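> This is the structure I want to talk about, given as structure tokens.
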Amino acid sequence: MRLELTGRNLDISPPLRTQIERKLRKIERVLRDSALSAQIVCSIEKYRHVIEMTIHARGDHMLHGLGQGTTWQLAIKEAVAKIEKQARKVKTKWTSRKRRASGPRHLAPPPEPVRSVAADARPRIVRSRAEAVKPMTVEDAALRVGAGAETFVVFRNSTTDAINILYRRKDGHLGLIEPEA
């Protein structure tokens with residue numbers, strides 16, 4: 001998070017800077033990587049120490065807190081408490097929005113036209129994803145079919161350099177289809 005620290009009518013001392021940075025880490029833990037930048041203005045008005053904090057978070061969220069006290073510690077604590085409350089509210093909205101999301105919207109399929117008996121007799125061809133034909137041995141293909149949920153494997157036999165198909169049969173054994181030469 002980028003920090004911009006400004007002092008009105010005073011110079012920012014290194015202990016004050018480290019104290020502010022330490023308190024901002026608390027807000028960074030709540031917002032994680034969402035906190036982009038912080039502008040902090042420190043000023044002294046008579047006996048009051050005033051800290052004005054503005055934190056810019058992702059999604060154009062601006063968190064603002066004003067703290068006043070007789071010491072810098074009290075002013076910083078008050079401002080950070082206000083911003084932390086806002087940060088928790090914003091983060092709760094983000095997480096609840098993620099839980100509510102239903103994913104991509106699915107449209108209802110169009111009504112199917114009335115078909116004749118002859119049209120239903122032909123099987124429908126459904127294309128699946130394209131897969132690369134990898135060179136492997138029959139034993140490697142058997143391990144792949146036996147171990148996984150795949151019912152068949154199309155592969156290039158590394159010994160004969162021909163395309164083969166190894167499939168799981170209904171009786172539990174494996175079948176091998178080799179092309180004729």
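We name chains A, B, ... following the order of the structure tokens; residues begin at 1 in each chain, and ligands are numbered from 1 as shown.
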To test your reading of the structure, identify every residue in segment 31-63 of chain A that backbone DSSP assigns to strand (DSSP E), and report it as a list in words.
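Everything in segment 31-63 of chain A that counts as strand (DSSP E) is Ala35, Leu36, Ser37, Ala38, Gln39, Ile40, Val41, Cys42, Ser43, Ile44, Glu45, Arg48, His49, Val50, Ile51, Glu52, Met53, Thr54, Ile55, His56, Ala57, His61, Met62 and Leu63 of chain A.
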> Could you pull the residues within 12 Å of Arg169 of chain A, counting only C-alpha atoms, minus those fewer than 4 positions along the same chain, as number ranges by chain?
A: 145-146, 150-152, 173-177
> Would you mind listing what lies within 12 Å of Arg2 of chain A as a PyMOL selection string, with only C-alpha atoms counted and same-chain residues fewer than 5 positions away left out?
chain A and resi 21+24+28+33-40+54-57
> Please produce a file of the residues just selected, as a JSON list (two decimals), in the first residue's frame, where the atoms kept are N, CA, C and O atoms.

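Generated file (part-v4.json):
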```json
[["chain", "number", "residue", "atom", "x", "y", "z"],
["A", 21, "GLU", "N", 2.40, 3.64, 10.63],
["A", 21, "GLU", "CA", 2.58, 2.47, 9.76],
["A", 21, "GLU", "C", 2.19, 1.18, 10.48],
["A", 21, "GLU", "O", 1.59, 0.28, 9.89],
["A", 24, "LEU", "N", -1.54, 0.97, 10.53],
["A", 24, "LEU", "CA", -2.10, 0.71, 9.19],
["A", 24, "LEU", "C", -1.98, -0.76, 8.82],
["A", 24, "LEU", "O", -2.77, -1.26, 8.00],
["A", 28, "GLU", "N", -4.51, -3.27, 6.80],
["A", 28, "GLU", "CA", -4.05, -4.07, 5.66],
["A", 28, "GLU", "C", -4.38, -5.54, 5.85],
["A", 28, "GLU", "O", -4.71, -6.23, 4.90],
["A", 33, "ASP", "N", -4.96, -7.53, 0.03],
["A", 33, "ASP", "CA", -4.34, -6.81, -1.09],
["A", 33, "ASP", "C", -5.25, -5.74, -1.68],
["A", 33, "ASP", "O", -4.91, -5.12, -2.67],
["A", 34, "SER", "N", -6.40, -5.52, -1.07],
["A", 34, "SER", "CA", -7.36, -4.58, -1.64],
["A", 34, "SER", "C", -7.03, -3.13, -1.34],
["A", 34, "SER", "O", -7.51, -2.23, -2.02],
["A", 35, "ALA", "N", -6.24, -2.86, -0.32],
["A", 35, "ALA", "CA", -5.87, -1.49, 0.02],
["A", 35, "ALA", "C", -4.82, -0.99, -0.96],
["A", 35, "ALA", "O", -3.75, -1.57, -1.08],
["A", 36, "LEU", "N", -5.15, 0.07, -1.69],
["A", 36, "LEU", "CA", -4.25, 0.58, -2.72],
["A", 36, "LEU", "C", -3.35, 1.69, -2.20],
["A", 36, "LEU", "O", -2.15, 1.68, -2.42],
["A", 37, "SER", "N", -3.95, 2.68, -1.53],
["A", 37, "SER", "CA", -3.15, 3.80, -1.03],
["A", 37, "SER", "C", -3.80, 4.40, 0.22],
["A", 37, "SER", "O", -4.97, 4.19, 0.47],
["A", 38, "ALA", "N", -2.98, 5.17, 0.96],
["A", 38, "ALA", "CA", -3.46, 5.83, 2.17],
["A", 38, "ALA", "C", -2.90, 7.25, 2.21],
["A", 38, "ALA", "O", -1.71, 7.46, 1.98],
["A", 39, "GLN", "N", -3.79, 8.21, 2.47],
["A", 39, "GLN", "CA", -3.38, 9.59, 2.66],
["A", 39, "GLN", "C", -3.69, 9.95, 4.10],
["A", 39, "GLN", "O", -4.84, 9.82, 4.54],
["A", 40, "ILE", "N", -2.68, 10.41, 4.81],
["A", 40, "ILE", "CA", -2.84, 10.73, 6.23],
["A", 40, "ILE", "C", -2.36, 12.15, 6.45],
["A", 40, "ILE", "O", -1.25, 12.51, 6.05],
["A", 54, "THR", "N", -7.47, 8.70, 5.03],
["A", 54, "THR", "CA", -8.29, 8.28, 3.90],
["A", 54, "THR", "C", -7.58, 7.13, 3.22],
["A", 54, "THR", "O", -6.43, 7.27, 2.81],
["A", 55, "ILE", "N", -8.27, 6.01, 3.09],
["A", 55, "ILE", "CA", -7.69, 4.83, 2.45],
["A", 55, "ILE", "C", -8.50, 4.51, 1.22],
["A", 55, "ILE", "O", -9.74, 4.43, 1.28],
["A", 56, "HIS", "N", -7.81, 4.34, 0.12],
["A", 56, "HIS", "CA", -8.44, 3.98, -1.15],
["A", 56, "HIS", "C", -8.30, 2.48, -1.35],
["A", 56, "HIS", "O", -7.19, 1.96, -1.39],
["A", 57, "ALA", "N", -9.44, 1.77, -1.44],
["A", 57, "ALA", "CA", -9.44, 0.33, -1.64],
["A", 57, "ALA", "C", -9.98, 0.03, -3.03],
["A", 57, "ALA", "O", -10.56, 0.90, -3.70]]
```
> Write down as a PyMOL selection string the residues of segment 2-178 of chain A whose backbone DSSP state falls under alpha helix (DSSP H).
chain A and resi 14-31+72-100+117-121+138-147
> My list of candidates is A:Glu45, A:Asp60, A:Glu84, A:Glu52. Which is closest to Lys23 of chain A when distances are computed with only C-alpha atoms?
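Checking each candidate against Lys23 of chain A, we get A:Glu84 as the closest.
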> Would you work out the distance separating atom CA of Arg156 of chain A from atom CA of Ser128 of chain A, expressed in Å to one decimal?
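Atom CA of Ser128 of chain A lies at a distance of 19.7 Å from atom CA of Arg156 of chain A.
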> Tell me which protein, DNA and RNA residues are within 12 Å of Val50 of chain A, counting only C-alpha atoms, leaving out same-chain ones fewer than 3 positions away, and put them as a list in words.
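Here the answer would be Thr6, Gly7, Arg8, Asn9, Leu10, Ile40, Val41, Cys42, Ser43, Ile44, Glu45, Lys46, Tyr47, Met53, Gly65, Leu66, Gly67, Gln68, Gly69, Thr70, Thr71, Trp72, Gln73, Leu74, Ala75, Ile76, Lys77, Glu78 and Ala79 of chain A.
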> Just give me the gap between atom CA of Glu178 of chain A and atom CA of Arg144 of chain A in Å, one decimal is fine.
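Taking atom CA of Glu178 of chain A as the start and atom CA of Arg144 of chain A as the end point, the length is 17.7 Å.
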